[in-house]
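Inspection log for the structure reproduced underneath, given as structure tokens.
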Amino acid sequence: MKIVTAAEMRAIDHATSERFGVPSLTLMENAGSGVAEQVLAHYRTAQKIVVLCGKGNNGGDGFVAARRLHQQGKTVQVILLADRVDVRGDAAVMFDKLPMAPIVVHSSEDLHGDQVRLALPADLYLDAILGTGFKPPVSGLYANAIALMNGSEVPIVAVDIPSGADADAMGPQPGMIARADSIITFTAPRPAHVFGALTTGPICVAEIGSPPEAIISSLQLNVITARDLAPLLGPRPVESNKGNYGHVLVVGGSRGKAGSVAMAGMSALRTGAGLATVATAESALPTVAGFHPELMTEPLEESAQGTIAAKAVERINALIKGKSVLAIGPGISQFPETSEWVRSLVSQVDIPMVLDADGLNAFDGRTEDLKGNDLNGKDRLLVITPHPGEMARLSGCSIAEVQKDRLGRARRFAREHEVIVVLKGHRTLVVQPNGEAWVNMTGNPGMSTGGTGDILTGMVAAMIAQNPNAARLAVMAAVHLHGLAGDVMLDSIGEHSMVATDLLRGLPAAFRRAQSTSRAGFVCWNG
């Protein structure tokens, strides 16, 4: 699902009508109907609904929603914040189809008059005042209407975008913006829907008739959706065996840090890999072997500090033969000897690789050695999964600088080093070597606990192992499912008590949820 600018959205609507023959009135009818459908699905008990409308097409969507909700037996009151003569085009056509008499408000004084005051008590407000074509700041009558809604305790559903917001903004916005308990937008999200913190409730994108060919964006920016991942989530063939789904080798762990590599190995199995082997320092092996009986283990020679020794590389190279994917880094430590053999190994391995944690820290100050091409110049898939601190070390900047420009930092690194960057955090980014970026909309603050990154490492490796011919899509699937497993457990145990291994429990339901969501008529996420 592409993210588009407000100007691109106008061009998409125009192309849909002019090139693909879908009348603009049909688009507006579909948009308003989508709003009504979501209201009926998520606010079933709301009987009286007040729809506040501006004079433009956003108001037109509101008129359609009002008519549709009235047809479903709801008590609906439309408040038009403009003179009737100022409502033109498609919006005027929809205004004339209203089955109820609207209240026409000409001024801020009228807004606080008896007629509006008596109409406002409601179970739900629809905000259809200003759409994504608006550029802040908002003033006058519209600002007063926004203040009136914001001062109430009535739930508000925003049509397209909360009134007053800048659709192209890539972060939180100052100024007068309508409060929103949920948002329903159309065709494709704008940047503010993804990055703008416009609501803590659901944001839904409704298809209203624009064909994929009409949806053109210059941003190289997309939302990961379950619909995109559907090809990887279908049923397995009846005649399947473990050899069909890859063998993941996880290298990591050290004395006192065995849990991380064990979680990475087990998450690979739980995500569907046919086999998973964990190669770890000898002293860490009993912990890993006792973590889950399905895990295979290999002991590696260790240093005096209990880390994997440099002389273990020969054994690791032998283990790599016949494996589908190598994951390296969880719990491996940052001792100089360890970091040195990690850099050497990464430069030579020619199978797909996932690099995380101390595997990434081995390249602190040595990022010129981190390349998607191997020593022979061959392309190979190299995925790195840094959190902001690791990204800062790799980029030679502060964490604050990374967080200020997450997308830009991840894009530059992916392009310069020819790797896939999975920059973890709120709105995890998956950036391809060509700079094309996908934003993950699943996950929650409960996942801010040690070990969740190790779970992701194993999941990424497992999805690549199962889908070698769609490896880039597989990375996105792992990131989406990882967050979805966290969301499953949020519903079960809440965010304060969540620990990393809870995600292993949530994965089966996450797969089921993704499979069912991929068939839904709306794409939704939490703000």
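Please note that chains go A, B, ... in the order of the structure tokens, that every chain numbers its residues from 1, and that ligands are numbered from 1 in the order shown.
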Sort by chain and increasing residue number a table of all residues of region 184-260 of chain A within 9 Å of region 298-311 of chain A, each with its closest pair of atoms and their distance in Å to one decimal, counting only C-alpha atoms, and write it as a tab-separated table.
residue	atom	partner	partner_atom	distance
A:Gly252	CA	A:Ile308	CA	7.7
A:Gly253	CA	A:Thr307	CA	7.4
A:Ser254	CA	A:Thr307	CA	4.7
A:Arg255	CA	A:Gly306	CA	4.9
A:Gly256	CA	A:Gly306	CA	8.4
For Leu141 (chain A), work out the shell of residues within 12 Å, counting only C-alpha atoms and skipping chain neighbours fewer than 2 positions away, then give it as an mmCIF file with N, CA, C and O atoms, in the first residue's frame.
data_model
loop_
_atom_site.group_PDB
_atom_site.id
_atom_site.type_symbol
_atom_site.label_atom_id
_atom_site.label_comp_id
_atom_site.auth_asym_id
_atom_site.auth_seq_id
_atom_site.Cartn_x
_atom_site.Cartn_y
_atom_site.Cartn_z
ATOM 1 N N LEU A 52 -20.606 17.146 11.211
ATOM 2 C CA LEU A 52 -20.197 18.522 10.965
ATOM 3 C C LEU A 52 -19.446 18.579 9.642
ATOM 4 O O LEU A 52 -18.434 17.889 9.471
ATOM 5 N N CYS A 53 -19.954 19.386 8.699
ATOM 6 C CA CYS A 53 -19.444 19.376 7.336
ATOM 7 C C CYS A 53 -18.969 20.744 6.888
ATOM 8 O O CYS A 53 -19.594 21.773 7.188
ATOM 9 N N GLY A 54 -17.842 20.742 6.158
ATOM 10 C CA GLY A 54 -17.396 21.940 5.474
ATOM 11 C C GLY A 54 -18.015 22.010 4.095
ATOM 12 O O GLY A 54 -18.835 21.170 3.711
ATOM 13 N N LEU A 80 -23.937 22.209 8.552
ATOM 14 C CA LEU A 80 -23.115 22.744 7.466
ATOM 15 C C LEU A 80 -22.464 24.038 7.932
ATOM 16 O O LEU A 80 -23.152 25.010 8.260
ATOM 17 N N LEU A 81 -21.153 24.071 7.925
ATOM 18 C CA LEU A 81 -20.409 25.242 8.389
ATOM 19 C C LEU A 81 -20.055 26.143 7.207
ATOM 20 O O LEU A 81 -18.891 26.490 6.962
ATOM 21 N N ALA A 82 -21.051 26.530 6.458
ATOM 22 C CA ALA A 82 -20.854 27.378 5.281
ATOM 23 C C ALA A 82 -22.217 27.789 4.745
ATOM 24 O O ALA A 82 -23.247 27.201 5.109
ATOM 25 N N ASP A 83 -22.243 28.794 3.879
ATOM 26 C CA ASP A 83 -23.472 29.133 3.169
ATOM 27 C C ASP A 83 -23.764 28.055 2.131
ATOM 28 O O ASP A 83 -22.843 27.517 1.498
ATOM 29 N N VAL A 105 -24.838 26.921 9.367
ATOM 30 C CA VAL A 105 -24.172 27.849 10.285
ATOM 31 C C VAL A 105 -23.314 28.805 9.461
ATOM 32 O O VAL A 105 -22.408 28.377 8.747
ATOM 33 N N HIS A 106 -23.601 30.095 9.564
ATOM 34 C CA HIS A 106 -22.900 31.096 8.764
ATOM 35 C C HIS A 106 -21.722 31.719 9.511
ATOM 36 O O HIS A 106 -20.813 32.247 8.870
ATOM 37 N N SER A 107 -21.746 31.695 10.832
ATOM 38 C CA SER A 107 -20.747 32.418 11.603
ATOM 39 C C SER A 107 -20.486 31.719 12.933
ATOM 40 O O SER A 107 -21.230 30.816 13.343
ATOM 41 N N SER A 108 -19.441 32.175 13.613
ATOM 42 C CA SER A 108 -19.124 31.617 14.926
ATOM 43 C C SER A 108 -20.228 31.905 15.928
ATOM 44 O O SER A 108 -20.481 31.106 16.839
ATOM 45 N N GLU A 109 -20.908 33.036 15.746
ATOM 46 C CA GLU A 109 -22.030 33.358 16.635
ATOM 47 C C GLU A 109 -23.150 32.336 16.457
ATOM 48 O O GLU A 109 -23.745 31.864 17.436
ATOM 49 N N ASP A 110 -23.442 31.976 15.200
ATOM 50 C CA ASP A 110 -24.476 30.962 14.934
ATOM 51 C C ASP A 110 -24.096 29.614 15.554
ATOM 52 O O ASP A 110 -24.948 28.852 16.008
ATOM 53 N N LEU A 111 -22.788 29.333 15.556
ATOM 54 C CA LEU A 111 -22.320 28.046 16.075
ATOM 55 C C LEU A 111 -22.663 27.877 17.548
ATOM 56 O O LEU A 111 -22.883 26.756 18.021
ATOM 57 N N HIS A 112 -22.737 28.979 18.254
ATOM 58 C CA HIS A 112 -23.038 28.922 19.684
ATOM 59 C C HIS A 112 -24.491 29.302 19.974
ATOM 60 O O HIS A 112 -24.862 29.519 21.130
ATOM 61 N N ILE A 129 -15.203 18.316 8.184
ATOM 62 C CA ILE A 129 -15.049 19.760 7.967
ATOM 63 C C ILE A 129 -13.960 20.051 6.941
ATOM 64 O O ILE A 129 -14.192 20.694 5.916
ATOM 65 N N LEU A 130 -12.759 19.558 7.193
ATOM 66 C CA LEU A 130 -11.615 19.828 6.323
ATOM 67 C C LEU A 130 -10.926 18.514 5.982
ATOM 68 O O LEU A 130 -10.726 17.666 6.844
ATOM 69 N N VAL A 138 -5.744 26.627 10.690
ATOM 70 C CA VAL A 138 -7.179 26.793 10.575
ATOM 71 C C VAL A 138 -7.601 28.000 11.416
ATOM 72 O O VAL A 138 -6.986 28.297 12.446
ATOM 73 N N SER A 139 -8.638 28.695 10.971
ATOM 74 C CA SER A 139 -9.073 29.897 11.690
ATOM 75 C C SER A 139 -10.576 30.074 11.530
ATOM 76 O O SER A 139 -11.247 29.305 10.826
ATOM 77 N N ALA A 143 -12.197 26.846 13.012
ATOM 78 C CA ALA A 143 -11.427 26.708 14.255
ATOM 79 C C ALA A 143 -12.360 26.625 15.451
ATOM 80 O O ALA A 143 -12.137 25.830 16.378
ATOM 81 N N ASN A 144 -13.406 27.425 15.446
ATOM 82 C CA ASN A 144 -14.362 27.392 16.552
ATOM 83 C C ASN A 144 -15.120 26.065 16.599
ATOM 84 O O ASN A 144 -15.415 25.539 17.677
ATOM 85 N N ALA A 145 -15.432 25.531 15.420
ATOM 86 C CA ALA A 145 -16.124 24.236 15.379
ATOM 87 C C ALA A 145 -15.217 23.130 15.910
ATOM 88 O O ALA A 145 -15.664 22.236 16.638
ATOM 89 N N ILE A 146 -13.929 23.188 15.547
ATOM 90 C CA ILE A 146 -12.974 22.197 16.060
ATOM 91 C C ILE A 146 -12.868 22.303 17.577
ATOM 92 O O ILE A 146 -12.865 21.287 18.294
ATOM 93 N N ALA A 147 -12.789 23.521 18.081
ATOM 94 C CA ALA A 147 -12.708 23.729 19.534
ATOM 95 C C ALA A 147 -13.943 23.187 20.234
ATOM 96 O O ALA A 147 -13.849 22.608 21.328
ATOM 97 N N LEU A 148 -15.096 23.351 19.595
ATOM 98 C CA LEU A 148 -16.349 22.852 20.180
ATOM 99 C C LEU A 148 -16.316 21.331 20.288
ATOM 100 O O LEU A 148 -16.682 20.758 21.320
#
Would you kindly return, as number ranges by chain, each protein, DNA or RNA residue with an atom no farther than 6 Å from any atom of region 32-39 of chain A, considering only C-alpha atoms and excluding same-chain residues fewer than 3 positions away? A: 29, 42-43, 61, 64-65, 69
Could the residues in this selection be saved with C-alpha atoms as a compact mmCIF listing (two decimals), in the first residue's frame?
# COMPACT_ATOMS: atom_id res chain seq x y z
CA GLU A 29 -20.56 7.90 -2.83
CA HIS A 42 -17.45 -0.04 15.41
CA TYR A 43 -20.02 2.27 17.01
CA ASP A 61 -18.26 12.63 1.95
CA VAL A 64 -23.16 10.73 1.89
CA ALA A 65 -22.29 9.16 5.28
CA LEU A 69 -26.55 6.20 8.36
Counting only C-alpha atoms, what is within 10 Å of Leu355 (chain A), bar same-chain residues fewer than 5 positions away, as a short mmCIF file (atom, residue, chain, number, x, y, z; two decimals) with all heavy atoms, in the first residue's frame?
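Once written, out06.cif looks like this:
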data_model
loop_
_atom_site.label_atom_id
_atom_site.label_comp_id
_atom_site.auth_asym_id
_atom_site.auth_seq_id
_atom_site.Cartn_x
_atom_site.Cartn_y
_atom_site.Cartn_z
N LEU A 326 21.67 -17.81 7.65
CA LEU A 326 22.48 -17.66 8.84
C LEU A 326 22.02 -16.41 9.59
O LEU A 326 21.95 -15.32 9.02
CB LEU A 326 23.96 -17.50 8.47
CG LEU A 326 24.91 -17.09 9.61
CD1 LEU A 326 24.98 -18.18 10.67
CD2 LEU A 326 26.30 -16.77 9.06
N ALA A 327 21.71 -16.58 10.88
CA ALA A 327 21.42 -15.45 11.76
C ALA A 327 22.54 -15.37 12.78
O ALA A 327 22.88 -16.37 13.42
CB ALA A 327 20.08 -15.63 12.46
N ILE A 328 23.10 -14.18 12.94
CA ILE A 328 24.26 -14.07 13.82
C ILE A 328 24.17 -12.81 14.67
O ILE A 328 23.76 -11.76 14.19
CB ILE A 328 25.57 -14.07 12.98
CG1 ILE A 328 26.80 -14.06 13.88
CG2 ILE A 328 25.59 -12.93 11.99
CD1 ILE A 328 28.10 -14.34 13.12
N GLY A 329 24.49 -12.95 15.96
CA GLY A 329 24.56 -11.76 16.80
C GLY A 329 23.98 -11.84 18.18
O GLY A 329 24.57 -11.32 19.13
N PRO A 330 22.80 -12.45 18.39
CA PRO A 330 22.20 -12.40 19.73
C PRO A 330 23.11 -12.97 20.81
O PRO A 330 23.57 -14.11 20.71
CB PRO A 330 20.92 -13.24 19.57
CG PRO A 330 20.57 -13.12 18.12
CD PRO A 330 21.90 -13.09 17.41
N VAL A 342 33.59 -12.11 13.78
CA VAL A 342 32.28 -11.81 13.21
C VAL A 342 32.44 -11.04 11.90
O VAL A 342 31.81 -11.37 10.88
CB VAL A 342 31.42 -10.99 14.20
CG1 VAL A 342 30.18 -10.42 13.50
CG2 VAL A 342 30.99 -11.86 15.37
N VAL A 346 31.20 -12.50 8.28
CA VAL A 346 30.16 -11.80 7.52
C VAL A 346 30.64 -11.48 6.11
O VAL A 346 29.87 -11.53 5.15
CB VAL A 346 29.73 -10.52 8.27
CG1 VAL A 346 28.86 -9.63 7.38
CG2 VAL A 346 28.96 -10.88 9.54
N LEU A 360 25.98 -6.64 14.97
CA LEU A 360 26.05 -5.28 14.40
C LEU A 360 27.11 -4.44 15.12
O LEU A 360 27.84 -3.68 14.48
CB LEU A 360 24.69 -4.60 14.53
CG LEU A 360 23.57 -5.13 13.65
CD1 LEU A 360 22.25 -4.47 14.02
CD2 LEU A 360 23.88 -4.88 12.18
N ASN A 361 27.18 -4.60 16.44
CA ASN A 361 28.14 -3.81 17.19
C ASN A 361 29.59 -4.13 16.80
O ASN A 361 30.49 -3.32 17.03
CB ASN A 361 27.94 -4.04 18.69
CG ASN A 361 26.63 -3.42 19.18
OD1 ASN A 361 26.20 -2.38 18.67
ND2 ASN A 361 26.00 -4.05 20.17
N LEU A 382 21.63 -9.53 2.70
CA LEU A 382 22.11 -9.23 4.05
C LEU A 382 21.10 -8.30 4.69
O LEU A 382 20.86 -7.19 4.21
CB LEU A 382 23.49 -8.58 4.00
CG LEU A 382 24.09 -8.12 5.33
CD1 LEU A 382 24.15 -9.28 6.32
CD2 LEU A 382 25.48 -7.53 5.12
N VAL A 383 20.49 -8.77 5.78
CA VAL A 383 19.49 -8.01 6.51
C VAL A 383 20.08 -7.61 7.85
O VAL A 383 20.59 -8.47 8.58
CB VAL A 383 18.20 -8.85 6.73
CG1 VAL A 383 17.14 -8.01 7.43
CG2 VAL A 383 17.68 -9.39 5.41
N ILE A 384 20.02 -6.32 8.17
CA ILE A 384 20.44 -5.88 9.50
C ILE A 384 19.21 -5.36 10.25
O ILE A 384 18.32 -4.76 9.65
CB ILE A 384 21.55 -4.82 9.44
CG1 ILE A 384 21.05 -3.50 8.84
CG2 ILE A 384 22.75 -5.36 8.65
CD1 ILE A 384 22.06 -2.37 8.97
N THR A 385 19.17 -5.62 11.56
CA THR A 385 17.97 -5.28 12.34
C THR A 385 18.34 -4.43 13.56
O THR A 385 18.15 -4.86 14.70
CB THR A 385 17.25 -6.57 12.78
OG1 THR A 385 18.13 -7.36 13.58
CG2 THR A 385 16.78 -7.38 11.59
N PRO A 386 18.85 -3.22 13.34
CA PRO A 386 19.28 -2.41 14.48
C PRO A 386 18.14 -1.74 15.22
O PRO A 386 17.13 -1.37 14.61
CB PRO A 386 20.16 -1.35 13.82
CG PRO A 386 19.57 -1.19 12.45
CD PRO A 386 19.12 -2.57 12.06
N VAL A 421 17.71 -2.73 5.65
CA VAL A 421 17.74 -2.21 7.01
C VAL A 421 16.36 -2.35 7.63
O VAL A 421 15.38 -1.83 7.08
CB VAL A 421 18.17 -0.72 7.03
CG1 VAL A 421 18.09 -0.17 8.45
CG2 VAL A 421 19.58 -0.57 6.49
N THR A 457 14.85 -11.52 15.12
CA THR A 457 15.97 -12.07 14.34
C THR A 457 15.64 -13.46 13.82
O THR A 457 15.81 -13.77 12.63
CB THR A 457 17.24 -12.13 15.20
OG1 THR A 457 17.59 -10.80 15.59
CG2 THR A 457 18.39 -12.77 14.45
N ALA A 461 14.87 -14.68 9.80
CA ALA A 461 15.60 -15.79 9.20
C ALA A 461 14.65 -16.90 8.74
O ALA A 461 14.82 -17.46 7.65
CB ALA A 461 16.61 -16.34 10.21
#
Neighbours of Ala258 (chain A) within 7 Å (only C-alpha atoms; same-chain residues fewer than 5 positions away dropped), as a PyMOL selection string? chain A and resi 253+284+287-288+331
Taking the backbone alone, and naming residues the way the document does, which bits of region 224-418 of chain A are strand (DSSP E) by DSSP, as a PDB file with C-alpha atoms, in the first residue's frame?
ATOM      1  CA  HIS A 247      17.124 -24.849   7.875  1.00  0.00           C
ATOM      2  CA  VAL A 248      18.117 -21.804   9.935  1.00  0.00           C
ATOM      3  CA  LEU A 249      21.491 -21.626  11.641  1.00  0.00           C
ATOM      4  CA  VAL A 250      21.687 -19.183  14.549  1.00  0.00           C
ATOM      5  CA  VAL A 251      25.163 -18.308  15.848  1.00  0.00           C
ATOM      6  CA  LEU A 275      14.748 -26.948  11.160  1.00  0.00           C
ATOM      7  CA  ALA A 276      16.724 -24.644  13.438  1.00  0.00           C
ATOM      8  CA  THR A 277      20.216 -25.200  14.792  1.00  0.00           C
ATOM      9  CA  VAL A 278      21.766 -22.963  17.439  1.00  0.00           C
ATOM     10  CA  ALA A 279      25.571 -22.885  17.537  1.00  0.00           C
ATOM     11  CA  THR A 280      26.786 -21.348  20.772  1.00  0.00           C
ATOM     12  CA  ALA A 281      29.649 -21.211  23.243  1.00  0.00           C
ATOM     13  CA  MET A 296      19.204 -28.628  17.638  1.00  0.00           C
ATOM     14  CA  THR A 297      22.450 -27.348  19.146  1.00  0.00           C
ATOM     15  CA  GLU A 298      26.154 -27.273  18.324  1.00  0.00           C
ATOM     16  CA  PRO A 299      28.887 -26.424  20.865  1.00  0.00           C
ATOM     17  CA  LEU A 300      31.578 -23.978  19.783  1.00  0.00           C
ATOM     18  CA  VAL A 325      19.911 -18.759   6.283  1.00  0.00           C
ATOM     19  CA  LEU A 326      22.482 -17.658   8.844  1.00  0.00           C
ATOM     20  CA  ALA A 327      21.419 -15.446  11.762  1.00  0.00           C
ATOM     21  CA  ILE A 328      24.263 -14.068  13.819  1.00  0.00           C
ATOM     22  CA  MET A 353      22.206 -13.575   6.452  1.00  0.00           C
ATOM     23  CA  VAL A 354      20.474 -11.712   9.290  1.00  0.00           C
ATOM     24  CA  LEU A 355      22.740  -9.592  11.471  1.00  0.00           C
ATOM     25  CA  LEU A 382      22.110  -9.228   4.045  1.00  0.00           C
ATOM     26  CA  VAL A 383      19.492  -8.009   6.510  1.00  0.00           C
ATOM     27  CA  ILE A 384      20.438  -5.884   9.505  1.00  0.00           C
TER      28      ILE A 384
END
Interatomic distance (Å, one decimal) between CA of Pro189 (chain A) and CA of Thr5 (chain A): 8.4 Å
Just list as a ChimeraX atom specification whatever in region 106-305 of chain A DSSP marks as helix (DSSP H, G or I). /A:108-111,114-119,140-150,191-195,212-214,226-232,242-245,258-270,282-289
Kindly indicate which residue among A:Gly435, A:Pro388, A:Asp13, A:Met498 lies nearest to Ala400 (chain A), using only C-alpha atoms for the distances.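 Among A:Gly435, A:Pro388, A:Asp13, A:Met498, it is A:Pro388 that comes nearest to Ala400 (chain A).
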Hey, which of A:Gly234, A:Thr449, A:Ser267, A:His482 ends up closest to His496 (chain A)? Count only C-alpha atoms. A:Thr449
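Distances from A:His292, A:Arg427, A:His417, A:Arg409 to Leu504 (chain A) were compared using only C-alpha atoms, and the smallest one belongs to A:His292.
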Contacts of Lys371 (chain A) at 12 Å (only C-alpha atoms; same-chain gap of 5+ positions) as number ranges by chain: A: 343-344, 346-350, 353, 355, 363, 366, 376-384, 413-421, 433
Go ahead and save the picked residues with N, CA, C and O atoms, as a tab-separated table (two decimals), in the first residue's frame.
chain	number	residue	atom	x	y	z
A	343	ARG	N	33.30	-10.02	11.89
A	343	ARG	CA	33.51	-9.23	10.66
A	343	ARG	C	34.06	-10.11	9.54
A	343	ARG	O	33.64	-10.01	8.39
A	344	SER	N	35.00	-10.97	9.89
A	344	SER	CA	35.58	-11.86	8.88
A	344	SER	C	34.54	-12.81	8.31
A	344	SER	O	34.44	-13.01	7.10
A	346	VAL	N	31.20	-12.50	8.28
A	346	VAL	CA	30.16	-11.80	7.52
A	346	VAL	C	30.64	-11.48	6.11
A	346	VAL	O	29.87	-11.53	5.15
A	347	SER	N	31.91	-11.17	5.97
A	347	SER	CA	32.42	-10.81	4.65
A	347	SER	C	32.49	-11.99	3.69
A	347	SER	O	32.55	-11.81	2.47
A	348	GLN	N	32.45	-13.23	4.23
A	348	GLN	CA	32.66	-14.40	3.39
A	348	GLN	C	31.41	-15.24	3.13
A	348	GLN	O	31.35	-15.97	2.15
A	349	VAL	N	30.43	-15.14	4.00
A	349	VAL	CA	29.25	-16.01	3.87
A	349	VAL	C	28.45	-15.62	2.63
A	349	VAL	O	28.19	-14.45	2.39
A	350	ASP	N	28.05	-16.62	1.85
A	350	ASP	CA	27.31	-16.31	0.62
A	350	ASP	C	25.84	-16.75	0.67
A	350	ASP	O	25.14	-16.63	-0.32
A	353	MET	N	21.74	-13.77	5.09
A	353	MET	CA	22.21	-13.58	6.45
A	353	MET	C	21.38	-12.50	7.14
A	353	MET	O	21.00	-11.49	6.53
A	355	LEU	N	21.74	-10.07	10.52
A	355	LEU	CA	22.74	-9.59	11.47
A	355	LEU	C	22.07	-8.68	12.49
A	355	LEU	O	21.39	-7.72	12.13
A	363	PHE	N	30.68	-3.99	14.02
A	363	PHE	CA	31.03	-3.08	12.93
A	363	PHE	C	31.04	-1.62	13.38
A	363	PHE	O	31.12	-0.72	12.54
A	366	ARG	N	33.66	0.41	11.92
A	366	ARG	CA	34.19	-0.39	10.81
A	366	ARG	C	33.09	-0.66	9.78
A	366	ARG	O	33.05	-1.73	9.18
A	376	ASN	N	33.65	-11.88	-3.21
A	376	ASN	CA	33.75	-12.14	-4.65
A	376	ASN	C	32.87	-11.21	-5.47
A	376	ASN	O	32.75	-11.39	-6.68
A	377	GLY	N	32.28	-10.24	-4.80
A	377	GLY	CA	31.46	-9.26	-5.52
A	377	GLY	C	30.07	-9.74	-5.88
A	377	GLY	O	29.34	-9.07	-6.60
A	378	LYS	N	29.68	-10.92	-5.36
A	378	LYS	CA	28.35	-11.45	-5.68
A	378	LYS	C	27.30	-10.82	-4.77
A	378	LYS	O	27.55	-10.56	-3.60
A	379	ASP	N	26.13	-10.60	-5.34
A	379	ASP	CA	25.02	-10.12	-4.52
A	379	ASP	C	24.59	-11.22	-3.56
A	379	ASP	O	24.50	-12.39	-3.93
A	380	ARG	N	24.34	-10.85	-2.35
A	380	ARG	CA	23.76	-11.80	-1.39
A	380	ARG	C	22.85	-11.00	-0.47
A	380	ARG	O	23.07	-9.79	-0.24
A	381	LEU	N	21.87	-11.64	0.04
A	381	LEU	CA	20.90	-10.96	0.89
A	381	LEU	C	21.49	-10.79	2.28
A	381	LEU	O	21.80	-11.76	2.95
A	382	LEU	N	21.63	-9.53	2.70
A	382	LEU	CA	22.11	-9.23	4.05
A	382	LEU	C	21.10	-8.30	4.69
A	382	LEU	O	20.86	-7.19	4.21
A	383	VAL	N	20.49	-8.77	5.78
A	383	VAL	CA	19.49	-8.01	6.51
A	383	VAL	C	20.08	-7.61	7.85
A	383	VAL	O	20.59	-8.47	8.58
A	384	ILE	N	20.02	-6.32	8.17
A	384	ILE	CA	20.44	-5.88	9.50
A	384	ILE	C	19.21	-5.36	10.25
A	384	ILE	O	18.32	-4.76	9.65
A	413	PHE	N	21.85	4.40	4.80
A	413	PHE	CA	22.65	3.22	5.14
A	413	PHE	C	22.34	2.06	4.20
A	413	PHE	O	23.25	1.35	3.75
A	414	ALA	N	21.06	1.85	3.89
A	414	ALA	CA	20.68	0.75	3.01
A	414	ALA	C	21.30	0.92	1.63
A	414	ALA	O	21.80	-0.04	1.03
A	415	ARG	N	21.27	2.14	1.11
A	415	ARG	CA	21.82	2.39	-0.22
A	415	ARG	C	23.34	2.26	-0.24
A	415	ARG	O	23.91	1.61	-1.13
A	416	GLU	N	23.99	2.87	0.76
A	416	GLU	CA	25.45	2.88	0.76
A	416	GLU	C	26.05	1.50	0.99
A	416	GLU	O	27.12	1.19	0.47
A	417	HIS	N	25.34	0.65	1.77
A	417	HIS	CA	25.91	-0.65	2.14
A	417	HIS	C	25.22	-1.82	1.45
A	417	HIS	O	25.59	-2.98	1.70
A	418	GLU	N	24.23	-1.52	0.62
A	418	GLU	CA	23.55	-2.55	-0.17
A	418	GLU	C	22.96	-3.65	0.72
A	418	GLU	O	23.13	-4.84	0.49
A	419	VAL	N	22.29	-3.21	1.77
A	419	VAL	CA	21.67	-4.14	2.72
A	419	VAL	C	20.20	-3.76	2.90
A	419	VAL	O	19.78	-2.65	2.55
A	420	ILE	N	19.44	-4.68	3.44
A	420	ILE	CA	18.09	-4.36	3.90
A	420	ILE	C	18.20	-3.92	5.35
A	420	ILE	O	18.75	-4.65	6.19
A	421	VAL	N	17.71	-2.73	5.65
A	421	VAL	CA	17.74	-2.21	7.01
A	421	VAL	C	16.36	-2.35	7.63
A	421	VAL	O	15.38	-1.83	7.08
A	433	PRO	N	17.76	-1.93	-0.44
A	433	PRO	CA	19.00	-1.29	-0.90
A	433	PRO	C	18.78	-0.15	-1.89
A	433	PRO	O	19.63	0.73	-2.01
